[in-house]
file coords-v8.pdb (PDB, C-alpha atoms)
ATOM      1  CA  MET F   8      97.807  -3.532  15.586
ATOM      2  CA  GLU F   9      94.397  -3.364  17.253
ATOM      3  CA  THR F  10      91.271  -3.809  15.176
ATOM      4  CA  PRO F  11      89.301  -0.533  15.158
ATOM      5  CA  GLN F  12      86.018  -0.589  17.019
ATOM      6  CA  PRO F  13      83.058  -0.648  14.568
ATOM      7  CA  GLN F  14      80.907   2.465  14.469
ATOM      8  CA  THR F  15      77.639   0.529  14.475
ATOM      9  CA  TYR F  16      77.180  -3.070  15.545
ATOM     10  CA  LEU F  17      74.888  -5.737  16.992
ATOM     11  CA  VAL F  18      75.748  -8.008  19.896
ATOM     12  CA  LEU F  19      73.745 -11.252  19.910
ATOM     13  CA  SER F  20      73.286 -13.127  23.173
ATOM     14  CA  VAL F  21      73.645 -16.792  22.238
ATOM     15  CA  VAL F  22      74.925 -19.922  23.888
ATOM     16  CA  GLY F  23      78.587 -19.407  24.662
ATOM     17  CA  GLU F  24      80.320 -16.089  23.965
ATOM     18  CA  PRO F  25      78.191 -13.147  22.712
ATOM     19  CA  ARG F  26      78.514 -12.669  18.957
ATOM     20  CA  GLN F  27      79.279  -9.211  17.602
ATOM     21  CA  PHE F  28      78.293  -8.169  14.069
ATOM     22  CA  SER F  29      79.634  -4.941  12.588
ATOM     23  CA  LEU F  30      77.055  -3.116  10.467
ATOM     24  CA  ASP F  31      79.582  -0.733   8.886
ATOM     25  CA  ALA F  32      80.271  -2.678   5.687
ATOM     26  CA  LYS F  33      76.940  -2.046   3.969
ATOM     27  CA  SER F  34      73.546  -0.418   4.422
ATOM     28  CA  TYR F  35      71.297  -3.473   4.521
ATOM     29  CA  TRP F  36      71.387  -6.698   6.500
ATOM     30  CA  THR F  37      68.976  -9.611   6.451
ATOM     31  CA  VAL F  38      68.263 -11.560   9.633
ATOM     32  CA  GLY F  39      66.750 -15.040   9.838
ATOM     33  CA  ARG F  40      67.158 -18.780  10.245
ATOM     34  CA  ASN F  41      67.840 -19.365   6.537
ATOM     35  CA  GLN F  42      71.563 -19.809   5.836
ATOM     36  CA  GLU F  43      71.351 -17.257   3.002
ATOM     37  CA  ASN F  44      70.789 -14.405   5.471
ATOM     38  CA  ASP F  45      73.567 -12.014   6.424
ATOM     39  CA  ILE F  46      72.971 -12.646  10.122
ATOM     40  CA  VAL F  47      71.933 -16.253  10.680
ATOM     41  CA  ILE F  48      70.265 -17.130  13.983
ATOM     42  CA  THR F  49      69.762 -20.852  14.502
ATOM     43  CA  ASP F  50      66.820 -20.522  16.866
ATOM     44  CA  HIS F  51      63.587 -22.452  16.250
ATOM     45  CA  CYS F  52      61.630 -19.296  17.155
ATOM     46  CA  ILE F  53      63.282 -17.363  14.300
ATOM     47  CA  SER F  54      61.567 -17.279  10.913
ATOM     48  CA  ARG F  55      63.506 -18.235   7.793
ATOM     49  CA  ASN F  56      63.417 -14.585   6.717
ATOM     50  CA  HIS F  57      62.779 -12.709   9.934
ATOM     51  CA  ALA F  58      63.795  -9.050   9.659
ATOM     52  CA  ILE F  59      65.851  -6.455   7.800
ATOM     53  CA  LEU F  60      68.205  -3.782   9.077
ATOM     54  CA  GLN F  61      67.994  -0.992   6.504
ATOM     55  CA  GLY F  62      70.483   1.873   6.569
ATOM     56  CA  THR F  63      69.421   5.469   5.992
ATOM     57  CA  ASP F  64      71.180   8.480   4.496
ATOM     58  CA  THR F  65      71.953   9.743   8.017
ATOM     59  CA  GLY F  66      73.805   6.562   8.975
ATOM     60  CA  GLU F  67      71.023   5.289  11.212
ATOM     61  CA  PHE F  68      69.355   1.907  10.769
ATOM     62  CA  LEU F  69      65.686   1.042  10.430
ATOM     63  CA  LEU F  70      64.548  -2.287  11.831
ATOM     64  CA  ILE F  71      61.811  -3.902   9.704
ATOM     65  CA  ASP F  72      60.031  -7.086  10.697
ATOM     66  CA  LEU F  73      59.122  -9.252   7.703
ATOM     67  CA  GLY F  74      55.959 -10.749   9.133
ATOM     68  CA  SER F  75      57.859 -13.169  11.353
ATOM     69  CA  ARG F  76      55.802 -15.694  13.264
ATOM     70  CA  ASN F  77      57.170 -14.851  16.713
ATOM     71  CA  GLY F  78      57.839 -11.187  16.123
ATOM     72  CA  THR F  79      60.645  -8.673  16.526
ATOM     73  CA  PHE F  80      60.726  -6.400  19.570
ATOM     74  CA  VAL F  81      62.595  -3.224  20.489
ATOM     75  CA  ASN F  82      62.813  -2.449  24.206
ATOM     76  CA  GLY F  83      59.993  -4.922  24.825
ATOM     77  CA  ARG F  84      57.574  -3.484  22.253
ATOM     78  CA  ARG F  85      56.642  -5.320  19.098
ATOM     79  CA  VAL F  86      57.829  -3.825  15.817
ATOM     80  CA  SER F  87      54.780  -3.084  13.651
ATOM     81  CA  VAL F  88      56.237  -0.188  11.657
ATOM     82  CA  PRO F  89      59.867   0.393  10.652
ATOM     83  CA  VAL F  90      61.665   1.523  13.813
ATOM     84  CA  THR F  91      64.697   3.810  13.854
ATOM     85  CA  LEU F  92      67.222   2.160  16.170
ATOM     86  CA  ARG F  93      69.057   4.116  18.861
ATOM     87  CA  HIS F  94      72.257   3.436  20.748
ATOM     88  CA  GLU F  95      71.804   0.683  23.373
ATOM     89  CA  ASP F  96      68.363  -0.386  22.137
ATOM     90  CA  GLU F  97      67.465  -3.917  23.209
ATOM     91  CA  ILE F  98      66.202  -6.084  20.345
ATOM     92  CA  THR F  99      64.509  -9.474  20.508
ATOM     93  CA  PHE F 100      64.308 -11.645  17.394
ATOM     94  CA  GLY F 101      61.843 -14.372  18.371
ATOM     95  CA  LYS F 102      63.509 -15.372  21.648
ATOM     96  CA  THR F 103      67.058 -14.315  20.799
ATOM     97  CA  GLN F 104      68.276 -11.165  22.553
ATOM     98  CA  ALA F 105      70.491  -8.593  20.876
ATOM     99  CA  GLY F 106      71.861  -5.156  21.605
ATOM    100  CA  TYR F 107      72.219  -2.339  19.059
ATOM    101  CA  TYR F 108      75.205  -0.041  19.534
ATOM    102  CA  ARG F 109      76.177   3.191  17.817
ATOM    103  CA  PRO F 110      78.603   4.729  20.323
ATOM    104  CA  ARG F 111      79.012   8.052  18.545
ATOM    105  CA  GLU F 112      75.362   8.802  19.355
ATOM    106  CA  ALA F 113      76.098   8.603  23.055
ATOM    107  CA  GLY F 114      77.830  11.984  23.211
ATOM    108  CA  THR F 115      75.099  13.902  21.400
ATOM    109  CA  GLU F 116      71.761  12.354  22.246
ATOM    110  CA  ALA F 117      69.578  13.146  25.228
ATOM    111  CA  PRO F 118      69.858  11.088  28.412
ATOM    112  CA  PRO F 119      68.800   7.479  27.916
ATOM    113  CA  ARG F 120      65.076   7.027  27.557
ATOM    114  CA  LYS F 121      63.245   5.231  30.305
ATOM    115  CA  ARG F 122      62.250   1.915  28.789
ATOM    116  CA  GLU F 123      58.862   0.674  29.814
ATOM    117  CA  ARG F 124      58.431  -3.066  29.553
ATOM    118  CA  ASP F 125      55.039  -4.719  29.650
ATOM    119  CA  THR F 126      55.090  -7.439  32.277
ATOM    120  CA  GLN F 127      51.730  -8.985  31.521
ATOM    121  CA  THR F 128      49.336  -9.199  28.646
ATOM    122  CA  SER F 129      45.790  -7.905  28.798
ATOM    123  CA  VAL F 130      43.040 -10.041  27.409
ATOM    124  CA  ILE F 131      41.157  -8.921  24.334
ATOM    125  CA  HIS F 132      38.685  -6.502  25.803
ATOM    126  CA  GLU F 133      36.862  -4.324  23.297
ATOM    127  CA  ARG F 134      34.515  -4.803  20.354
ATOM    128  CA  ARG F 135      34.844  -1.991  17.826
ATOM    129  CA  LEU F 136      33.482  -1.040  14.441
ATOM    130  CA  MET F 137      36.468  -0.714  12.145
ATOM    131  CA  THR F 138      37.687  -0.849   8.577
ATOM    132  CA  VAL F 139      40.510  -3.266   7.903
ATOM    133  CA  MET F 140      42.821  -2.777   4.918
ATOM    134  CA  VAL F 141      45.234  -5.374   3.570
ATOM    135  CA  ALA F 142      47.668  -4.258   0.837
ATOM    136  CA  ASP F 143      49.873  -6.875  -0.787
ATOM    137  CA  MET F 144      52.700  -6.656  -3.334
ATOM    138  CA  ARG F 145      51.813  -8.624  -6.462
ATOM    139  CA  ASN F 146      54.136 -11.426  -7.642
ATOM    140  CA  PHE F 147      56.686 -10.704  -4.951
ATOM    141  CA  THR F 148      58.106 -14.228  -5.221
ATOM    142  CA  GLY F 149      58.911 -13.676  -8.892
ATOM    143  CA  LEU F 150      60.433 -10.319  -8.035
ATOM    144  CA  ALA F 151      62.680 -11.835  -5.365
ATOM    145  CA  ARG F 152      64.050 -14.343  -7.868
ATOM    146  CA  GLN F 153      65.067 -11.704 -10.399
ATOM    147  CA  VAL F 154      66.201  -8.678  -8.390
ATOM    148  CA  LYS F 155      69.537  -8.237  -6.623
ATOM    149  CA  GLU F 156      69.280  -8.779  -2.901
ATOM    150  CA  GLU F 157      70.462  -5.264  -2.066
ATOM    151  CA  ASP F 158      67.897  -3.701  -4.418
ATOM    152  CA  LEU F 159      65.116  -5.887  -3.060
ATOM    153  CA  SER F 160      66.034  -5.037   0.525
ATOM    154  CA  ALA F 161      66.091  -1.315  -0.199
ATOM    155  CA  LEU F 162      62.773  -1.561  -2.053
ATOM    156  CA  ILE F 163      61.043  -3.400   0.797
ATOM    157  CA  GLY F 164      62.430  -1.101   3.466
ATOM    158  CA  ASN F 165      61.487   2.084   1.648
ATOM    159  CA  TRP F 166      58.053   0.775   0.625
ATOM    160  CA  PHE F 167      57.205  -0.215   4.200
ATOM    161  CA  ARG F 168      58.467   3.104   5.539
ATOM    162  CA  GLU F 169      56.512   5.175   3.001
ATOM    163  CA  ALA F 170      53.386   3.048   3.522
ATOM    164  CA  GLY F 171      53.595   3.655   7.252
ATOM    165  CA  GLN F 172      53.831   7.416   6.718
ATOM    166  CA  ILE F 173      50.853   7.494   4.327
ATOM    167  CA  LEU F 174      48.693   5.490   6.715
ATOM    168  CA  ARG F 175      49.640   7.573   9.747
ATOM    169  CA  GLU F 176      48.664  10.747   7.893
ATOM    170  CA  ALA F 177      45.328   9.101   7.090
ATOM    171  CA  GLY F 178      44.557   8.430  10.748
ATOM    172  CA  SER F 179      45.672   4.804  10.872
ATOM    173  CA  TRP F 180      48.863   2.819  11.383
ATOM    174  CA  VAL F 181      50.373  -0.392  10.105
ATOM    175  CA  ASP F 182      49.009  -2.988  12.508
ATOM    176  CA  LYS F 183      51.095  -5.773  10.971
ATOM    177  CA  TYR F 184      53.803  -6.369   8.402
ATOM    178  CA  ILE F 185      53.186  -9.812   6.960
ATOM    179  CA  GLY F 186      55.914 -10.767   4.515
ATOM    180  CA  ASP F 187      55.186  -8.532   1.517
ATOM    181  CA  ALA F 188      51.861  -7.180   2.843
ATOM    182  CA  VAL F 189      50.633  -4.623   5.366
ATOM    183  CA  MET F 190      47.460  -4.582   7.447
ATOM    184  CA  ALA F 191      46.004  -1.306   8.717
ATOM    185  CA  LEU F 192      42.971  -0.410  10.852
ATOM    186  CA  TRP F 193      40.625   2.561  11.080
ATOM    187  CA  PHE F 194      38.224   2.813  14.020
ATOM    188  CA  HIS F 195      34.750   4.300  13.538
ATOM    189  CA  GLY F 196      31.884   5.381  15.770
ATOM    190  CA  GLU F 197      29.888   2.936  17.825
ATOM    191  CA  ASN F 198      27.266   2.196  15.180
ATOM    192  CA  SER F 199      28.386   3.547  11.818
ATOM    193  CA  ALA F 200      31.131   5.046   9.668
ATOM    194  CA  THR F 201      30.819   8.366   7.871
ATOM    195  CA  PRO F 202      31.305   8.978   4.131
ATOM    196  CA  GLU F 203      34.135  11.350   5.024
ATOM    197  CA  GLU F 204      35.957   8.552   6.847
ATOM    198  CA  MET F 205      35.571   6.267   3.841
ATOM    199  CA  LEU F 206      36.908   8.915   1.486
ATOM    200  CA  ARG F 207      39.948   9.411   3.719
ATOM    201  CA  ILE F 208      40.649   5.680   3.608
ATOM    202  CA  PHE F 209      40.303   5.636  -0.185
ATOM    203  CA  GLU F 210      42.676   8.582  -0.478
ATOM    204  CA  ALA F 211      45.228   6.632   1.596
ATOM    205  CA  ILE F 212      44.870   3.610  -0.711
ATOM    206  CA  ASN F 213      45.277   5.868  -3.722
ATOM    207  CA  GLY F 214      48.413   7.276  -2.078
ATOM    208  CA  LEU F 215      49.793   3.756  -1.568
ATOM    209  CA  ASN F 216      49.273   2.990  -5.247
ATOM    210  CA  ARG F 217      50.945   6.219  -6.394
ATOM    211  CA  MET F 218      53.881   5.628  -4.057
ATOM    212  CA  THR F 219      54.218   2.081  -5.396
ATOM    213  CA  GLN F 220      54.356   3.391  -8.973
ATOM    214  CA  ILE F 221      57.101   5.847  -8.016
ATOM    215  CA  MET F 222      59.097   3.048  -6.353
ATOM    216  CA  SER F 223      58.601   0.873  -9.435
ATOM    217  CA  ASP F 224      60.075   3.558 -11.684
ATOM    218  CA  TYR F 225      62.988   4.242  -9.350
ATOM    219  CA  TYR F 226      64.317   0.701  -8.878
ATOM    220  CA  PRO F 227      65.670  -1.554 -11.665
ATOM    221  CA  LEU F 228      62.806  -4.060 -11.687
ATOM    222  CA  PRO F 229      62.026  -6.707 -14.332
ATOM    223  CA  PHE F 230      58.339  -5.772 -14.350
ATOM    224  CA  PRO F 231      56.189  -2.974 -12.893
ATOM    225  CA  LEU F 232      55.558  -3.218  -9.164
ATOM    226  CA  ARG F 233      51.857  -3.463  -8.327
ATOM    227  CA  ILE F 234      49.714  -3.942  -5.248
ATOM    228  CA  GLY F 235      46.304  -5.445  -4.567
ATOM    229  CA  VAL F 236      44.053  -4.234  -1.751
ATOM    230  CA  GLY F 237      41.254  -5.795   0.289
ATOM    231  CA  LEU F 238      39.006  -3.511   2.364
ATOM    232  CA  ASN F 239      36.375  -4.671   4.818
ATOM    233  CA  THR F 240      34.254  -2.932   7.465
ATOM    234  CA  GLY F 241      32.615  -4.570  10.453
ATOM    235  CA  TYR F 242      32.966  -5.357  14.126
ATOM    236  CA  ALA F 243      36.069  -7.052  15.529
ATOM    237  CA  MET F 244      37.635  -7.578  18.915
ATOM    238  CA  VAL F 245      40.691  -5.453  19.681
ATOM    239  CA  GLY F 246      43.200  -5.534  22.489
ATOM    240  CA  ASN F 247      46.525  -7.028  23.504
ATOM    241  CA  THR F 248      47.363 -10.544  22.412
ATOM    242  CA  GLY F 249      50.587 -12.452  22.883
ATOM    243  CA  SER F 250      52.202 -13.378  26.168
ATOM    244  CA  GLY F 251      54.743 -12.302  28.746
ATOM    245  CA  ASP F 252      56.801  -9.290  27.703
ATOM    246  CA  HIS F 253      55.590  -9.534  24.109
ATOM    247  CA  PRO F 254      52.139  -7.932  23.841
ATOM    248  CA  ASP F 255      50.666  -7.264  20.423
ATOM    249  CA  TYR F 256      47.781  -4.794  20.091
ATOM    250  CA  THR F 257      45.709  -5.992  17.159
ATOM    251  CA  ALA F 258      42.248  -6.965  15.908
ATOM    252  CA  ILE F 259      40.868 -10.436  15.352
ATOM    253  CA  GLY F 260      37.644 -11.831  13.961
ATOM    254  CA  ASP F 261      35.768 -12.481  10.753
ATOM    255  CA  THR F 262      36.024  -8.841   9.648
ATOM    256  CA  VAL F 263      39.823  -9.164   9.607
ATOM    257  CA  ASN F 264      39.828 -12.580   7.945
ATOM    258  CA  ALA F 265      37.512 -11.373   5.176
ATOM    259  CA  ALA F 266      39.804  -8.421   4.390
ATOM    260  CA  PHE F 267      42.652 -10.855   3.706
ATOM    261  CA  ARG F 268      40.377 -13.057   1.576
ATOM    262  CA  LEU F 269      39.142 -10.066  -0.407
ATOM    263  CA  GLU F 270      42.704  -9.020  -1.207
ATOM    264  CA  SER F 271      43.537 -12.535  -2.396
ATOM    265  CA  ALA F 272      40.444 -12.538  -4.614
ATOM    266  CA  THR F 273      41.615  -9.492  -6.553
ATOM    267  CA  LYS F 274      44.388 -11.539  -8.168
ATOM    268  CA  GLN F 275      41.963 -13.929  -9.865
ATOM    269  CA  ALA F 276      39.115 -11.474 -10.470
ATOM    270  CA  GLY F 277      41.278  -9.010 -12.388
ATOM    271  CA  PHE F 278      40.779  -5.806 -10.399
ATOM    272  CA  ASP F 279      42.965  -3.877  -7.946
ATOM    273  CA  LEU F 280      40.709  -3.213  -4.968
ATOM    274  CA  ALA F 281      37.934  -5.335  -3.481
ATOM    275  CA  LEU F 282      35.690  -4.077  -0.706
ATOM    276  CA  GLY F 283      33.063  -5.770   1.391
ATOM    277  CA  GLU F 284      29.366  -5.004   1.213
ATOM    278  CA  LYS F 285      29.313  -3.072   4.499
ATOM    279  CA  THR F 286      32.206  -0.868   3.369
ATOM    280  CA  TYR F 287      30.275  -0.095   0.194
ATOM    281  CA  SER F 288      27.181   0.852   2.208
ATOM    282  CA  TYR F 289      29.098   3.684   3.914
ATOM    283  CA  LEU F 290      30.382   5.291   0.705
ATOM    284  CA  PRO F 291      29.429   8.870  -0.184
ATOM    285  CA  LEU F 292      26.290   9.076  -2.297
ATOM    286  CA  ALA F 293      28.068  10.321  -5.385
ATOM    287  CA  ARG F 294      26.310  10.214  -8.733
ATOM    288  CA  ASP F 295      26.601   7.014 -10.761
ATOM    289  CA  LEU F 296      28.180   4.957  -7.967
ATOM    290  CA  GLU F 297      27.888   1.848 -10.132
ATOM    291  CA  LYS F 298      30.065   3.598 -12.712
ATOM    292  CA  TYR F 299      33.094   2.956 -10.504
ATOM    293  CA  PHE F 300      32.183  -0.131  -8.464
ATOM    294  CA  GLN F 301      31.170  -3.466  -9.950
ATOM    295  CA  LEU F 302      29.286  -6.006  -7.853
ATOM    296  CA  TYR F 303      30.751  -9.507  -7.672
ATOM    297  CA  HIS F 304      29.893 -12.631  -5.718
ATOM    298  CA  LEU F 305      33.277 -14.020  -4.777
ATOM    299  CA  ASP F 306      34.080 -17.526  -3.654
ATOM    300  CA  LEU F 307      36.379 -16.804  -0.746
ATOM    301  CA  LYS F 308      38.463 -19.491   0.916
ATOM    302  CA  GLY F 309      36.894 -20.617   4.182
ATOM    303  CA  TYR F 310      33.411 -19.284   3.361
ATOM    304  CA  GLU F 311      30.617 -21.656   2.390
ATOM    305  CA  GLU F 312      28.583 -19.128   0.408
ATOM    306  CA  PRO F 313      29.816 -16.606  -2.192
ATOM    307  CA  MET F 314      30.395 -13.196  -0.608
ATOM    308  CA  PRO F 315      28.997 -10.007  -2.189
ATOM    309  CA  ALA F 316      31.882  -7.645  -2.862
ATOM    310  CA  TYR F 317      32.642  -4.633  -5.013
ATOM    311  CA  GLY F 318      35.707  -4.421  -7.230
ATOM    312  CA  LEU F 319      37.415  -1.590  -9.078
ATOM    313  CA  THR F 320      40.748  -0.618 -10.589
ATOM    314  CA  PHE F 321      43.036   2.041  -9.199
ATOM    315  CA  GLN F 322      42.117   4.248 -12.154
ATOM    316  CA  GLN F 323      38.445   3.969 -11.209
ATOM    317  CA  LEU F 324      39.334   4.638  -7.577
ATOM    318  CA  GLU F 325      41.103   7.877  -8.487
ATOM    319  CA  GLN F 326      38.176   8.931 -10.675
ATOM    320  CA  PHE F 327      35.783   8.231  -7.812
ATOM    321  CA  ILE F 328      37.848  10.333  -5.398
ATOM    322  CA  GLN F 329      38.093  13.218  -7.864
ATOM    323  CA  ALA F 330      34.329  13.123  -8.514
ATOM    324  CA  ASN F 331      33.611  13.413  -4.805
ATOM    325  CA  LEU F 332      36.162  16.169  -4.278
ATOM    326  CA  ALA F 333      34.603  18.099  -7.163
ATOM    327  CA  SER F 334      31.153  17.545  -5.655
ATOM    328  CA  GLU F 335      32.336  18.882  -2.278
ATOM    329  CA  THR F 336      33.877  21.956  -3.941
ATOM    330  CA  LEU F 337      30.637  22.693  -5.831
ATOM    331  CA  SER F 338      28.589  22.273  -2.658
ATOM    332  CA  ASP F 339      30.865  24.671  -0.768
ATOM    333  CA  GLU F 340      30.593  27.270  -3.531
ATOM    334  CA  GLN F 341      26.790  27.022  -3.579
ATOM    335  CA  GLU F 342      26.639  27.450   0.195
ATOM    336  CA  GLY F 343      28.969  30.438  -0.047
TER     337      GLY F 343
END

call {"tool": "encode", "arguments": {"input": "coords-v8.pdb", "output": "structure tokens"}}
result
Amino acid sequence: METPQPQTYLVLSVVGEPRQFSLDAKSYWTVGRNQENDIVITDHCISRNHAILQGTDTGEFLLIDLGSRNGTFVNGRRVSVPVTLRHEDEITFGKTQAGYYRPREAGTEAPPRKRERDTQTSVIHERRLMTVMVADMRNFTGLARQVKEEDLSALIGNWFREAGQILREAGSWVDKYIGDAVMALWFHGENSATPEEMLRIFEAINGLNRMTQIMSDYYPLPFPLRIGVGLNTGYAMVGNTGSGDHPDYTAIGDTVNAAFRLESATKQAGFDLALGEKTYSYLPLARDLEKYFQLYHLDLKGYEEPMPAYGLTFQQLEQFIQANLASETLSDEQEG
């Protein structure tokens, strides 16, 4: 009796015969070099925990890169947000090629998309004023030790997907997934950022925190899920980095590095959000600004001198947003 053809499967191109993995048995699959993964790829360019294939209610799969060193690519483009896979998509884990197949899509979907592959990488070419946000799950290592693998996988996949949606609605995108953290960018004008832009960013951060609380209540977790956020504004160079067919549009420079350091500092300083001095300078001139933001001088790794920064809790952040929204409403009514 012939073995039935799987409905959804991966074909890995490795030395020798191609390896086929059916994805029908469950809705999550871990990919990486570590032997504990569901799909183990013994390639030195593969991270120990490289990516996740997360099933959806419609039977499709999301591909989520877990901050791998050499990246995950779909049809030649780096995965920076969870990507919904389509029949015959070409996937690259590090340097290992794979094909994604869901044959039943073939009879209903539109003609195959033309896949554009980048053949060369542009040099970094533009200096921009931007705000960089880094949001990190707190005590993720402890969580991973106590939560079932399937629950952890579903939590990560859904959190990344929801975070991407919140940031897109706020005029940004997830520039990078780095393990249990996300990095997002907002571009400003040539010389300054407006208070309205800052408020929009703060509303996105508030949305990330609310979404995290909802996720924490939904999943069977040993302790509440929390995030810490670093926010920094300044100039950085943006453009394509990487090589060959693997370009990566991103930002680099001290502004980016400081955002990561500010997020790390929140863990020791005891607040939820830390922002750089320049970010603070662009905030709306609401009454009693010091009521919400407390000035610190933080010793950040890699910096010789303490850095001025402003810290606050998520409760204070929400109060700050509400105060400004109320102020805008009152101003509109007075003008009317």

call {"tool": "residues_around", "arguments": {"input": "coords-v8.pdb", "residues": "Tyr317 in chain F", "least_positions_apart": "6", "cutoff": "7 Å", "atoms": "all atoms listed in the file", "output": "mmCIF file with C-alpha atoms, in the frame of the given file"}}
result
data_model
loop_
_atom_site.group_PDB
_atom_site.id
_atom_site.type_symbol
_atom_site.label_atom_id
_atom_site.label_comp_id
_atom_site.auth_asym_id
_atom_site.auth_seq_id
_atom_site.Cartn_x
_atom_site.Cartn_y
_atom_site.Cartn_z
ATOM 1 C CA ALA F 281 37.934 -5.335 -3.481
ATOM 2 C CA LEU F 282 35.690 -4.077 -0.706
ATOM 3 C CA GLY F 283 33.063 -5.770 1.391
ATOM 4 C CA PHE F 300 32.183 -0.131 -8.464
ATOM 5 C CA GLN F 301 31.170 -3.466 -9.950
ATOM 6 C CA LEU F 302 29.286 -6.006 -7.853
ATOM 7 C CA TYR F 303 30.751 -9.507 -7.672
#

call {"tool": "residues_around", "arguments": {"input": "coords-v8.pdb", "residues": "Ile185 in chain F", "least_positions_apart": "6", "cutoff": "10 Å", "atoms": "all atoms listed in the file", "output": "list in words"}}
result
Asp72, Leu73, Gly74, Ser75, Arg76, Ser87, Val141, Ala142 and Asp143 of chain F

call {"tool": "atom_distance", "arguments": {"input": "coords-v8.pdb", "atom1": "CA of Thr257 in chain F", "atom2": "CA of Val236 in chain F"}}
result
19.1 Å

call {"tool": "residues_around", "arguments": {"input": "coords-v8.pdb", "residues": "Ile234 in chain F", "least_positions_apart": "6", "cutoff": "8 Å", "atoms": "only C-alpha atoms", "output": "list in words"}}
result
Ala142, Asp143, Met144, Arg145, Asn216, Thr219 and Asp279 of chain F

call {"tool": "closest_residue", "arguments": {"input": "coords-v8.pdb", "among": "F:Gln153, F:Asn146, F:Thr103, F:Asn331", "to": "Lys274 in chain F", "atoms": "only C-alpha atoms"}}
result
F:Asn146

call {"tool": "residues_around", "arguments": {"input": "coords-v8.pdb", "residues": "Asn41 in chain F", "least_positions_apart": "2", "cutoff": "7 Å", "atoms": "only C-alpha atoms", "output": "MDAnalysis selection string"}}
result
chainID F and resid 39 43:44 47 55:56

call {"tool": "atom_distance", "arguments": {"input": "coords-v8.pdb", "atom1": "CA of Val90 in chain F", "atom2": "CA of Ile71 in chain F"}}
result
6.8 Å

call {"tool": "atom_distance", "arguments": {"input": "coords-v8.pdb", "atom1": "CA of Leu332 in chain F", "atom2": "CA of Asn213 in chain F"}}
result
13.8 Å

call {"tool": "resolve_selection", "arguments": {"input": "coords-v8.pdb", "expression": "the PyMOL selection byres ((chain F and resi 14-16) around 6)", "output": "MDAnalysis selection string"}}
result
chainID F and resid 13 17 28:30 108:109

call {"tool": "closest_residue", "arguments": {"input": "coords-v8.pdb", "among": "F:Val181, F:Gly246, F:Ile208, F:Leu150", "to": "Arg233 in chain F", "atoms": "all atoms listed in the file"}}
result
F:Leu150

call {"tool": "closest_residue", "arguments": {"input": "coords-v8.pdb", "among": "F:Ala211, F:Leu192, F:Ala272, F:Leu159", "to": "Pro229 in chain F", "atoms": "all atoms listed in the file"}}
result
F:Leu159

call {"tool": "closest_residue", "arguments": {"input": "coords-v8.pdb", "among": "F:Leu174, F:Ala330, F:Leu228, F:Leu215", "to": "Arg152 in chain F", "atoms": "only C-alpha atoms"}}
result
F:Leu228

call {"tool": "closest_residue", "arguments": {"input": "coords-v8.pdb", "among": "F:Met218, F:Ala58, F:Met244, F:Leu296", "to": "Phe327 in chain F", "atoms": "all atoms listed in the file"}}
result
F:Leu296

call {"tool": "residues_around", "arguments": {"input": "coords-v8.pdb", "residues": "Met137 in chain F", "least_positions_apart": "4", "cutoff": "10 Å", "atoms": "only C-alpha atoms", "output": "compact mmCIF listing (two decimals) with C-alpha atoms, in the frame of the given file"}}
result
# COMPACT_ATOMS: atom_id res chain seq x y z
CA LEU F 192 42.97 -0.41 10.85
CA TRP F 193 40.62 2.56 11.08
CA PHE F 194 38.22 2.81 14.02
CA HIS F 195 34.75 4.30 13.54
CA GLY F 196 31.88 5.38 15.77
CA GLU F 197 29.89 2.94 17.82
CA SER F 199 28.39 3.55 11.82
CA ALA F 200 31.13 5.05 9.67
CA ASN F 239 36.38 -4.67 4.82
CA THR F 240 34.25 -2.93 7.46
CA GLY F 241 32.62 -4.57 10.45
CA TYR F 242 32.97 -5.36 14.13
CA ALA F 243 36.07 -7.05 15.53
CA MET F 244 37.64 -7.58 18.92
CA VAL F 245 40.69 -5.45 19.68
CA ALA F 258 42.25 -6.96 15.91
CA THR F 262 36.02 -8.84 9.65
CA VAL F 263 39.82 -9.16 9.61
CA THR F 286 32.21 -0.87 3.37

call {"tool": "axis_aligned_box", "arguments": {"input": "coords-v8.pdb", "around": "range 143-154 of chain F", "padding_each_side": "3 Å", "output": "JSON"}}
result
{"center_x": 58.0, "center_y": -10.5, "center_z": -5.6, "size_x": 22.3, "size_y": 13.7, "size_z": 15.6}

call {"tool": "resolve_selection", "arguments": {"input": "coords-v8.pdb", "expression": "the PyMOL selection byres ((chain F and resi 93) around 9)", "output": "VMD selection string"}}
result
chain F and resid 67 to 68 91 to 92 94 to 96 107 to 109 112

call {"tool": "closest_residue", "arguments": {"input": "coords-v8.pdb", "among": "F:Glu169, F:Lys155, F:Glu284, F:Tyr289", "to": "Pro227 in chain F", "atoms": "only C-alpha atoms"}}
result
F:Lys155

call {"tool": "resolve_selection", "arguments": {"input": "coords-v8.pdb", "expression": "the PyMOL selection byres ((chain F and resi 278) around 9)", "output": "list in words"}}
result
Gly235, Ala272, Thr273, Lys274, Gln275, Ala276, Gly277, Asp279, Leu280, Ala281, Gly318, Leu319, Thr320 and Phe321 of chain F

call {"tool": "write_last_selection", "arguments": {"input": "coords-v8.pdb", "atoms": "C-alpha atoms", "output": "compact mmCIF listing (two decimals), keeping the file's coordinate frame"}}
result
# COMPACT_ATOMS: atom_id res chain seq x y z
CA GLY F 235 46.30 -5.44 -4.57
CA ALA F 272 40.44 -12.54 -4.61
CA THR F 273 41.62 -9.49 -6.55
CA LYS F 274 44.39 -11.54 -8.17
CA GLN F 275 41.96 -13.93 -9.86
CA ALA F 276 39.12 -11.47 -10.47
CA GLY F 277 41.28 -9.01 -12.39
CA ASP F 279 42.96 -3.88 -7.95
CA LEU F 280 40.71 -3.21 -4.97
CA ALA F 281 37.93 -5.34 -3.48
CA GLY F 318 35.71 -4.42 -7.23
CA LEU F 319 37.42 -1.59 -9.08
CA THR F 320 40.75 -0.62 -10.59
CA PHE F 321 43.04 2.04 -9.20
